[in-house]
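> After the structure tokens below, expect a handful of questions from me.
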4 protein chains.
Amino acid sequence: MSFQNPVFIPGPTNIPESLRKACDMPTIDHRSPLFGQILHPARKGVREILKSVDAEVFIFPSTGTGGWETALTNCLSAGDKILAARNGMFSHRWIDMCERHGLDVQIVETPWGEGLPADRYEEILTADTQHQIKAVLATHNETATGVKSDIAAVRRALDAAGHPAMLFVDGVSSIASMDFRMDEWGVDVAVTGSQKGFMLTAGLAIVGFSPKAIAATKSATLPRTFFDINDMTAGYANNAYPYTPAVGLLNGLNEACTMLLNEGLENVFARHHRIAEGVRAAVGAWGLDLCAADPSVYSDTVSAIRTPDGFNATDIVTHAASKYGVAFGVGLGEVAGKVFRIGHLGSLTDVMALAGIATAEMCMADLGLDIKLGSGVAAAQDYYRGHSAVSQKDAA
Amino acid sequence: MSFQNPVFIPGPTNIPESLRKACDMPTIDHRSPLFGQILHPARKGVREILKSVDAEVFIFPSTGTGGWETALTNCLSAGDKILAARNGMFSHRWIDMCERHGLDVQIVETPWGEGLPADRYEEILTADTQHQIKAVLATHNETATGVKSDIAAVRRALDAAGHPAMLFVDGVSSIASMDFRMDEWGVDVAVTGSQKGFMLTAGLAIVGFSPKAIAATKSATLPRTFFDINDMTAGYANNAYPYTPAVGLLNGLNEACTMLLNEGLENVFARHHRIAEGVRAAVGAWGLDLCAADPSVYSDTVSAIRTPDGFNATDIVTHAASKYGVAFGVGLGEVAGKVFRIGHLGSLTDVMALAGIATAEMCMADLGLDIKLGSGVAAAQDYYRGHSAVSQKDAA
Amino acid sequence: MSFQNPVFIPGPTNIPESLRKACDMPTIDHRSPLFGQILHPARKGVREILKSVDAEVFIFPSTGTGGWETALTNCLSAGDKILAARNGMFSHRWIDMCERHGLDVQIVETPWGEGLPADRYEEILTADTQHQIKAVLATHNETATGVKSDIAAVRRALDAAGHPAMLFVDGVSSIASMDFRMDEWGVDVAVTGSQKGFMLTAGLAIVGFSPKAIAATKSATLPRTFFDINDMTAGYANNAYPYTPAVGLLNGLNEACTMLLNEGLENVFARHHRIAEGVRAAVGAWGLDLCAADPSVYSDTVSAIRTPDGFNATDIVTHAASKYGVAFGVGLGEVAGKVFRIGHLGSLTDVMALAGIATAEMCMADLGLDIKLGSGVAAAQDYYRGHSAVSQKDAA
Amino acid sequence: MSFQNPVFIPGPTNIPESLRKACDMPTIDHRSPLFGQILHPARKGVREILKSVDAEVFIFPSTGTGGWETALTNCLSAGDKILAARNGMFSHRWIDMCERHGLDVQIVETPWGEGLPADRYEEILTADTQHQIKAVLATHNETATGVKSDIAAVRRALDAAGHPAMLFVDGVSSIASMDFRMDEWGVDVAVTGSQKGFMLTAGLAIVGFSPKAIAATKSATLPRTFFDINDMTAGYANNAYPYTPAVGLLNGLNEACTMLLNEGLENVFARHHRIAEGVRAAVGAWGLDLCAADPSVYSDTVSAIRTPDGFNATDIVTHAASKYGVAFGVGLGEVAGKVFRIGHLGSLTDVMALAGIATAEMCMADLGLDIKLGSGVAAAQDYYRGHSAVSQKDAA
């Protein structure tokens with residue numbers, strides 16, 4: 001395996017050198033105070049990145065999917081009613097998980113490419129005068145379509161309806177890359193993983209629970225052991241886990257939080273926005289459209305790019321890998337074959353983004369699309385020249 | 001943090017240099033054929049280490065505890081009857097998990113320090129003429145007490161009773177260090193993790209399912225998504241996971257299997273036995289007893305050492321860490337304060353073991369126990385001199 | 001420090017992941033047979049890369065400059081006459097070293113940008129009927145100007161003159177990246193370092209001595225100890241050095257040789273040529289000239305690019321570093337301020353090269369040069385699309 | 001290769017985890033200000049460790065032997081008279097280097113095992129009324145015999161004789177492990193390397209020059225280029241080297257200095273003394289003698305242990321490597337076969353030292369020496385228990 005080129009998949013991202021070193025750690029005793037010196041600052045760092053004061057952060061040796069399961073099994077009981085919109089592959093999967101766990105999901109089908117319909121949520125919640133809906137699911141950033149949704153609007157819908165349902169947010173591909181405000185938006189469970197904005201390898205489910213969500217664990221009867229947050233709480237009090245923690249990855253998470261907070265969250269978000277804008281400028285120069293319906297829902301972490309009818313977008317991904325050694329993301333589910341995706345989150349520079357754009361151009365030209373070589377690169381260069389980071393050197 | 005001294009906890013073990021490097025891997029596309037070149041050989045290697053021809057191996061970003069949950073949720077339904085003996089902290093925890101998942105466990109209380117009572121299993125199974133017991137749990141090596149159990153005897157009990165219950169075995173602290181024969185013993189689900197015999201960091205639940213266990217998933221109704229083996233099977237067929245895999249750790253697992261199989265499993269087991277015998281010789285020279293009741297149940301991966309009445313064994317662990325920078329294991333549950341544990345599994349040499357023994361001696365002397373300095377070391381040296389490995393250099 | 005972007009300096013190059021890991025090695029006994037298992041294959045690998053059967057390879061903990069000193073001090077005596085052309089900074093420095101060691105150098109001043117004047121060498125050698133010239137120096141690839149010289153022609157000059165002088169060749173920035181034929185060209189001492197074609201960090205002087213050069217050490221009286229090849233020979237016979245070797249770096253060198261030879265030397269050279277051609281296509285598209293006078297002397301490892309009169313080329317390098325976090329090479333000596341350099345040797349892909357070209361474009365535009373964004377990128381893309389490697393994945 | 005056991009050679013030492021990571025660094029531009037941020041603090045750190053205010057520190061990609069050559073070639077001219085004692089292999093080699101560089105060495109033959117004869121120095125210097133002696137060589141710690149010499153006494157000899165000769169000190173195996181006072185002792189050139197007290201791999205010659213030594217370069221005519229300190233000075237002023245520096249190793253040196261200075265030099269020296277005392281206690285318990293003649297010359301970094309007449313001490317080293325995978329040092333030169341050496345410098349703990357002592361015991365017993373197993377270990381344990389570090393965890 002050669003590892004020369006950066007990856008442009010929407011996570012796991014390229015890993016900063018310092019984080020690789022933080023993770024590559026010799027064995028320590030995970031039941032010793034030494035471990036607490038890793039665990040507690042990591043949890044504190046995550047909470048700060050969630051922009052929360054009150055949340056408790058739990059970190060499982062798992063992935064974002066395990067984070068979803070943590071949210072459901074700790075707070076809900078079989079037969080509980082859930083409200084969720086389906087506008088992409090990841091919202092679909094979370095809904096599927098609910099159903100497999102015996103929850104009763106009211107699904108709001110939403111076109112792939114659009115954001116969550118907060119207005120529909122409000123109608124449904126208002127109609128639920130018995131407050132049978134126990135939780136509302138919201139995917140902050142649909143990784144499959146490159147669509148960001150307005151979580152603040154979902155909160156407003158809940159508030160307008162005067163509805164007490166919990167708000168569970170999938171922030172897997174947004175948190176630590178795009179603005180996320182757990183407290184301000186009244187999020188009850190926020191779910192993410194290690195391999196996106198935190199720039200680490202996959203292997204950690206990272207969840208924040210509001211006091212209300214924690215209280216809900218008392219009455220929730222879905223079976224849970226591995227993902228039980230109360231076992232975690234008891235363990236944390238002794239600098240420990242209920243089982244063996246992934247110490248190196250936690251050490252990396254701690255370091256990642258330090259990096260991100262030192263850079264400044266707003267700077268991190270601005271950096272992602274800048275790089276994304278360059279990619280979008282390239283897409284425009286190619287004459288192509290994003291899957292995302294309009295600028296208000298453009299994701300700053302991943303762009304799903306529609307290719308012309310009759311063209312199999314997946315060929316771009318296959319060709320880039322085999323001819324140029326570069327990884328892009330394929331389309332998933334409804335948009336399989338219709339889009340290819342450029343991930344632009346985590347550890348990335350303008351210069352790396354240009355390499356990805358240039359590669360995409362070559363691939364599209366190789367495969368017969370009418371793309372002018374250098375056109376997308378020029379558009380992105382133009383943007384980056386005028387919107388450079390204050391100090392690229394200090395970025396992750 | 002200083003990382004100079006080896007650890008002597010019963011896992012995670014010391015990590016071989018080559019495995020640290022295998023895990024510390026830049027990002028690749030986990031949906032590409034490249035990933036399949038890691039995944040499939042790793043699964044094949046594990047199967048060979050399980051001494052199985054028929055088993056399907058599933059690897060989750062999780063831990064051994066998640067492996068237990070995989071066994072239960074994929075094969076069982078709420079209310080199912082389970083037979084299990086409790087002879088230490090880890091068998092206790094698995095039983096607790098069963099109960100939290102709504103299973104009906106018939107518990108055979110067994111003194112901590114003794115092995116699983118196969119004869120009692122046989123009685124109970126024979127009495128269960130309606131075959132209500134769906135699964136028998138067996139902890140191959142109780143990490144808390146340093147006790148190994150006879151899984152072949154459990155199989156004989158099932159066979160003698162003509163009972164069709166599935167046999168689930170926790171081999172977390174035995175597999176890849178001590179002999180384990182999945183097919184010969186008729187094990188239906190074998191559970192282990194990455195951080196013991198495989199010498200990696202924690203972060204993988206590794207499970208083997210027999211065809212019978214796989215068939216049981218059809219009717220099992222316990223809710224599962226993250227740990228669903230059928231989703232895994234579907235993913236594996238496409239060189240992928242249902243979610244993001246822990247690629248570096250899988251790469252390490254693949255390399256670990258190669259190392260172990262190149263050394264030869266019988267050599268690996270003999271190496272663990274030899275090092276364990278040296279530690280036991282030291283314990284004898286100190287005039288102390290093992291928690292394990294008799295030689296037939298001595299574990300080759302961890303020794304739990306009883307200290308005199310009135311002495312808090314945990315002080316040894318605390319003192320070793322603070323004064324000498326060495327990690328031993330504390331006693332857990334019933335034997336908390338009564339034993340301390342020396343882990344001797346994974347990547348270890350005679351020379352490293354002697355360092356641990358020498359440290360334990362100093363600690364016990366420091367804390368007022370009547371231990372002659374050098375006595376345990378001399379007993380272990382004597383053993384190691386006469387039972388040296390053919391080639392220590394080639395060991396992991 | 002961020003390490004996200006590749007470097008485009010003409011060495012040290014980007015380091016392949018596998019070589020970083022090979023170098024990052026725990027301590028072993030450098031007087032043990034284990035060390036011989038690193039040393040001897042590394043020396044053998046270098047000899048094969050030199051395309052030599054007879055040469056003895058010596059490897060010093062030093063740099064290419066130390067390799068020059070090794071050549072001089074082992075083969076020559078104070079007052080010896082040397083023939084050398086000066087056509088760049090590195091040929092200049094080697095001449096300077098000769099003079100500081102009391103050698104009498106006949107210098108053929110040659111315009112920077114041109115190759116070594118083999119015809120002038122022939123005239124001078126023919127005129128030296130007394131054979132007072134003991135050695136001819138030849139810089140195979142002038143890193144300062146991006147100019148390659150014709151070493152075969154220098155050999156023909158010596159042969160045509162029937163002159164017995166030794167031929168010392170500086171191959172620091174050519175060997176292992178461009179074709180080098182020690183035996184066929186009758187090279188007596190070949191000098192290189194670890195940080196160019198071998199893709200490692202700086203720290204090793206690597207030299208090949210012909211039997212004739214070794215014989216010359218008998219009568220050479222320049223003082224030498226650290227760089228004495230006969231001490232090395234004696235050490236090597238015992239798997240050792242006369243002092244402490246740089247074991248990890250030697251391990252990396254061994255691995256680098258394996259990588260290069262597995263890829264196939266002609267493939268390695270073709271890869272460098274292809275990437276260089278793309279860079280040159282970009283330079284052409286920008287309307288700029290190379291420092292190298294004509295295509296016959298174009299270097300495949302570094303391009304020195306002339307900027308318009310009145311423009312300080314060094315500003316590009318400074319600007320690229322501060323604004324975009326990318327390292328190019330400045331002009332040195334006579335061409336300081338007149339050229340900037342793009343190194344394209346070692347571990348590099350088409351995609352990485354495009355990132356460098358795109359960055360250079362942005363910098364030149366930022367600094368007011370009349371460069372059309374995307375123009376150089378498009379020219380390089382066009383070349384790379386049509387001349388792709390058989391398998392980029394297998395490249396270093 | 002397995003890397004499980006620590007090494008007990010007298011350098012290169014075991015490498016702390018943090019230093020391995022500091023050295024394993026991606027490529028940066030070594031002509032950029034970024035490099036200055038590594039170089040200058042490293043030089044400053046070394047100066048502080050030399051306990052000097054005035055010295056200039058030069059760091060070459062080389063080894064201690066190169067440091068010796070730096071001292072000679074920068075400060076002396078062919079035919080210059082040198083005073084040196086020969087009491088071991090390393091003082092022998094430096095003398096040999098002098099002779100090969102045309103210097104006229106007055107050798108004071110001194111029994112191997114004894115320190116430098118300051119009184120003889122004083123006699124000779126006093127007799128040299130013409131001040132023909134230009135430099136006095138002093139090996140601070142003879143690595144071959146485990147003998148430390150009194151450099152302050154050599155300075156007193158020079159002062160008592162009123163002699164202006166420069167004082168060159170080989171501190172390769174003392175500096176950064178044992179007290180060294182460049183200014184107080186009036187040392188003109190101090191020589192060391194990266195692979196001993198600095199705990200890094202070999203690859204750097206580290207030298208400190210007093211103002212007087214720097215002034216001597218003006219008139220010194222020995223040829224030098226690679227090791228020329230004035231070229232270095234010119235380079236350093238521009239954050240650069242006259243050639244390509246070993247950036248990663250310099251980064252490691254910078255980090256090593258930070259570690260050592262944070263620990264506190266006196267703590268570092270005390271730590272080495274404590275560990276050495278334990279080893280010496282073991283030697284005493286074995287009934288063996290050190291090569292070092294008496295306690296006043298015992299080295300705190302290496303112990304050379306005499307074995308009984310008729311026994312080949314080298315067999316211990318060979319046997320330890322082949323049977324136990326542990327590296328000790330062989331005897332060199334006059335004491336080859338008569339001693340084996342335990343290096344106890346750099347990154348080492350009490351616990352690691354005990355492992356080495358236990359291994360030596362097993363080897364000696366295996367080879368038929370009358371050694372009681374555990375006896376040396378017990379003596380060392382007894383010492384370490386009573387003289388523990390304040391905080392082992394904070395040590396390197």
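Please note that chains go A, B, ... in the order of the structure tokens, that every chain numbers its residues from 1, and that ligands are numbered from 1 in the order shown.
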Can you work out which residues from chain C touch chain A at a cut-off of 8 Å (counting only C-alpha atoms) and hand them back as number ranges by chain?

C: 1-5, 16-17, 322-325, 347-352, 354-356, 358-359, 362, 366, 373-375, 377-378, 381-382, 385, 388-389, 391-396

> So that I can see what lies close to B:Leu261, please list as a short mmCIF file (atom, residue, chain, number, x, y, z; two decimals) with N, CA and C atoms, in the first residue's frame the residues with an atom at most 12 Å from it, counting only C-alpha atoms and leaving out residues fewer than 6 positions away in the same chain.


```
data_model
loop_
_atom_site.label_atom_id
_atom_site.label_comp_id
_atom_site.auth_asym_id
_atom_site.auth_seq_id
_atom_site.Cartn_x
_atom_site.Cartn_y
_atom_site.Cartn_z
N ALA B 42 -7.38 -11.17 7.82
CA ALA B 42 -7.49 -11.09 9.28
C ALA B 42 -8.53 -12.08 9.79
N LYS B 44 -9.55 -14.77 8.31
CA LYS B 44 -9.03 -16.12 8.07
C LYS B 44 -8.00 -16.50 9.14
N GLY B 45 -7.18 -15.56 9.49
CA GLY B 45 -6.17 -15.82 10.51
C GLY B 45 -6.79 -16.13 11.86
N VAL B 46 -7.81 -15.35 12.21
CA VAL B 46 -8.49 -15.60 13.48
C VAL B 46 -9.11 -16.99 13.48
N ARG B 47 -9.74 -17.34 12.38
CA ARG B 47 -10.38 -18.66 12.32
C ARG B 47 -9.36 -19.76 12.55
N GLU B 48 -8.20 -19.59 11.98
CA GLU B 48 -7.16 -20.61 12.16
C GLU B 48 -6.71 -20.66 13.62
N ILE B 49 -6.63 -19.52 14.24
CA ILE B 49 -6.24 -19.49 15.65
C ILE B 49 -7.32 -20.09 16.54
N LEU B 50 -8.57 -19.97 16.12
CA LEU B 50 -9.67 -20.61 16.85
C LEU B 50 -9.69 -22.13 16.61
N LYS B 51 -8.81 -22.60 15.74
CA LYS B 51 -8.81 -24.01 15.32
C LYS B 51 -10.18 -24.42 14.81
N ALA B 176 -5.52 -17.34 21.62
CA ALA B 176 -4.25 -16.87 21.05
C ALA B 176 -3.11 -16.90 22.07
N SER B 177 -3.41 -17.33 23.30
CA SER B 177 -2.36 -17.52 24.31
C SER B 177 -2.38 -18.95 24.85
N PHE B 198 -3.83 -11.35 21.18
CA PHE B 198 -3.47 -10.72 19.91
C PHE B 198 -2.53 -9.53 20.10
N ASN B 254 -4.48 -8.48 11.52
CA ASN B 254 -3.99 -9.32 10.43
C ASN B 254 -2.51 -9.67 10.65
N GLU B 255 -1.74 -8.66 11.00
CA GLU B 255 -0.31 -8.87 11.25
C GLU B 255 -0.11 -9.76 12.47
N ASN B 267 3.76 -23.49 19.73
CA ASN B 267 4.90 -22.77 20.29
C ASN B 267 4.44 -21.57 21.11
N VAL B 268 3.42 -20.91 20.61
CA VAL B 268 2.87 -19.76 21.35
C VAL B 268 2.35 -20.22 22.71
N PHE B 269 1.63 -21.34 22.70
CA PHE B 269 1.07 -21.83 23.96
C PHE B 269 2.20 -22.26 24.90
N ALA B 395 10.51 -14.89 18.93
CA ALA B 395 9.21 -14.70 19.59
C ALA B 395 8.72 -13.29 19.29
N ALA B 396 7.44 -13.12 19.56
CA ALA B 396 6.81 -11.83 19.21
C ALA B 396 7.49 -10.66 19.88
#
```

> Stretch 134-142 of chain B: which residues within 8 Å, counting only C-alpha atoms, same-chain residues fewer than 5 positions away excluded, as an NGL selection string?

:B and (76 or 80-85 or 87-91 or 116 or 147-151 or 154 or 164-174 or 299)

> Suppose you want the space between atom CA of B:Gly113 and atom CA of B:Asp294; what is it in Å?

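Rounded to one decimal, the two atoms are 8.5 Å apart.
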
> Would you mind listing what lies within 8 Å of C:Met97 as an mmCIF file with N, CA and C atoms, in the first residue's frame, with only C-alpha atoms counted and same-chain residues fewer than 3 positions away left out?


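File produced: result.cif:
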```cif
data_model
loop_
_atom_site.group_PDB
_atom_site.id
_atom_site.type_symbol
_atom_site.label_atom_id
_atom_site.label_comp_id
_atom_site.auth_asym_id
_atom_site.auth_seq_id
_atom_site.Cartn_x
_atom_site.Cartn_y
_atom_site.Cartn_z
ATOM 1 N N GLU C 69 34.171 14.229 0.571
ATOM 2 C CA GLU C 69 35.427 14.239 1.332
ATOM 3 C C GLU C 69 36.003 12.826 1.391
ATOM 4 N N ARG C 93 31.074 23.830 -4.854
ATOM 5 C CA ARG C 93 31.445 23.469 -3.483
ATOM 6 C C ARG C 93 32.439 22.311 -3.443
ATOM 7 N N TRP C 94 32.314 21.415 -4.370
ATOM 8 C CA TRP C 94 33.256 20.281 -4.364
ATOM 9 C C TRP C 94 34.661 20.776 -4.735
ATOM 10 N N ARG C 100 40.544 23.435 -0.293
ATOM 11 C CA ARG C 100 40.763 23.486 1.152
ATOM 12 C C ARG C 100 41.550 22.268 1.629
ATOM 13 N N HIS C 101 41.542 21.225 0.854
ATOM 14 C CA HIS C 101 42.339 20.049 1.201
ATOM 15 C C HIS C 101 43.685 20.039 0.474
ATOM 16 N N THR D 225 36.693 20.356 5.767
ATOM 17 C CA THR D 225 35.556 20.984 5.104
ATOM 18 C C THR D 225 34.271 20.510 5.790
#
```

> If you run DSSP over the backbone, which residues in stretch 252-313 of chain C end up helix (DSSP H, G or I)? Put them as JSON, numbers by chain.

{"C": [252, 253, 254, 255, 256, 257, 258, 259, 260, 261, 262, 263, 265, 266, 267, 268, 269, 270, 271, 272, 273, 274, 275, 276, 277, 278, 279, 280, 281, 282, 283, 284, 285, 286, 295, 296, 297]}

> Residues at most 9 Å from D:Thr126, counting only C-alpha atoms, excluding those fewer than 3 positions away in the same chain, as a list in words?

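Listed by chain and then number, they are Tyr121, Glu122, Glu123, Thr129, Ala157, Leu158, Ala160, Ala161, Gly162 and His163 of chain D.
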
> Selection from above, C-alpha atoms, as a PDB file, in the first residue's frame, can you write it?


```pdb
ATOM      1  CA  TYR D 121      50.232  15.582  32.981  1.00  0.00           C
ATOM      2  CA  GLU D 122      51.410  18.258  35.367  1.00  0.00           C
ATOM      3  CA  GLU D 123      55.005  17.047  35.241  1.00  0.00           C
ATOM      4  CA  THR D 129      58.630  25.343  29.051  1.00  0.00           C
ATOM      5  CA  ALA D 157      47.547  20.370  36.250  1.00  0.00           C
ATOM      6  CA  LEU D 158      47.425  22.799  33.338  1.00  0.00           C
ATOM      7  CA  ALA D 160      49.727  24.583  38.039  1.00  0.00           C
ATOM      8  CA  ALA D 161      52.073  24.330  35.078  1.00  0.00           C
ATOM      9  CA  GLY D 162      50.945  27.709  33.821  1.00  0.00           C
ATOM     10  CA  HIS D 163      50.532  26.044  30.472  1.00  0.00           C
TER      11      HIS D 163
END
```

> Have a look at B:Glu263, B:Arg86, B:Thr233, B:Ile95 and name the one nearest to B:Thr110; count only C-alpha atoms.

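Between B:Glu263, B:Arg86, B:Thr233, B:Ile95, the residue approaching B:Thr110 most closely is B:Arg86.
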
> Identify which of the residues D:Met232, D:Leu39, D:Ala220, D:Leu253 lies closest to D:Leu19, counting only C-alpha atoms when measuring atom-to-atom distances.

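Looking only at the distances to D:Leu19, the closest residue turns out to be D:Leu253.
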
> Compare D:Cys98, D:Ala118, D:Ala190, D:Ala78 by their minimum atom-to-atom distance to D:Ile206, counting only C-alpha atoms, and give me the closest one.

D:Ala190

> Within stretch 293-346 of chain A, find each residue whose DSSP state, derived from the backbone, is strand (DSSP E or B), and express the selection as a list in words.

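Result set for stretch 293-346 of chain A (strand (DSSP E or B)): Tyr298, Val302, Ser303, Ala304, Ile305, Arg306, Gly329, Val330, Val339, Phe340, Arg341, Ile342 and Gly343 of chain A.
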
> Include C-alpha atoms and write out the residues we just selected as a compact mmCIF listing (two decimals), in the first residue's frame.


```txt
# COMPACT_ATOMS: atom_id res chain seq x y z
CA TYR A 298 -24.54 23.20 1.43
CA VAL A 302 -18.65 16.99 2.02
CA SER A 303 -19.88 17.82 -1.46
CA ALA A 304 -21.97 15.33 -3.41
CA ILE A 305 -21.66 16.22 -7.09
CA ARG A 306 -24.27 15.19 -9.64
CA GLY A 329 -16.72 8.81 -2.08
CA VAL A 330 -19.35 6.96 -4.09
CA VAL A 339 -23.26 11.49 -7.54
CA PHE A 340 -19.67 11.20 -6.47
CA ARG A 341 -18.51 12.83 -3.29
CA ILE A 342 -15.51 14.92 -2.35
CA GLY A 343 -14.92 14.90 1.38
```

> As an exercise, work out the distance from atom CA of D:Gly310 to atom CA of D:Arg280 in Å and give it to one decimal place.

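Result for atom CA of D:Gly310 versus atom CA of D:Arg280: 22.7 Å, one decimal.
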
> Work out how far apart atom CA of C:Thr73 and atom CA of C:Asp228 are and give it in Å to one decimal.

7.9 Å

> Show which residues sit within 8 Å of B:Ala205, as a PyMOL selection string. Count only C-alpha atoms, and ignore same-chain residues fewer than 5 positions away.

chain B and resi 59-67+191-194

> What's the 9 Å shell around C:His272, counting only C-alpha atoms, without same-chain residues fewer than 5 positions away, as an mmCIF file with N, CA and C atoms, in the first residue's frame?


```
data_model
loop_
_atom_site.group_PDB
_atom_site.id
_atom_site.type_symbol
_atom_site.label_atom_id
_atom_site.label_comp_id
_atom_site.auth_asym_id
_atom_site.auth_seq_id
_atom_site.Cartn_x
_atom_site.Cartn_y
_atom_site.Cartn_z
ATOM 1 N N SER C 177 17.234 7.898 -8.775
ATOM 2 C CA SER C 177 16.118 8.596 -9.423
ATOM 3 C C SER C 177 16.310 8.644 -10.938
ATOM 4 N N MET C 178 17.586 8.746 -11.353
ATOM 5 C CA MET C 178 17.903 8.826 -12.775
ATOM 6 C C MET C 178 18.938 7.737 -13.070
ATOM 7 N N ASN C 267 11.656 1.381 -14.175
ATOM 8 C CA ASN C 267 10.350 1.955 -13.818
ATOM 9 C C ASN C 267 10.511 3.174 -12.926
ATOM 10 N N GLU C 277 8.261 15.613 -16.675
ATOM 11 C CA GLU C 277 7.689 16.121 -17.918
ATOM 12 C C GLU C 277 6.416 16.926 -17.653
ATOM 13 N N ASP C 300 15.602 15.185 -14.411
ATOM 14 C CA ASP C 300 14.325 14.573 -14.048
ATOM 15 C C ASP C 300 14.056 14.615 -12.546
ATOM 16 N N THR C 301 14.949 15.268 -11.801
ATOM 17 C CA THR C 301 14.725 15.319 -10.349
ATOM 18 C C THR C 301 14.427 16.720 -9.825
ATOM 19 N N HIS C 344 11.263 17.376 -7.839
ATOM 20 C CA HIS C 344 10.275 16.338 -8.185
ATOM 21 C C HIS C 344 10.951 14.977 -8.197
ATOM 22 N N LEU C 345 11.598 14.713 -7.080
ATOM 23 C CA LEU C 345 12.274 13.422 -6.956
ATOM 24 C C LEU C 345 11.754 12.696 -5.722
ATOM 25 N N GLY C 346 12.105 11.450 -5.676
ATOM 26 C CA GLY C 346 11.755 10.659 -4.505
ATOM 27 C C GLY C 346 10.305 10.255 -4.530
ATOM 28 N N LEU C 348 6.824 10.753 -4.850
ATOM 29 C CA LEU C 348 5.924 11.765 -5.411
ATOM 30 C C LEU C 348 4.980 11.092 -6.398
#
```
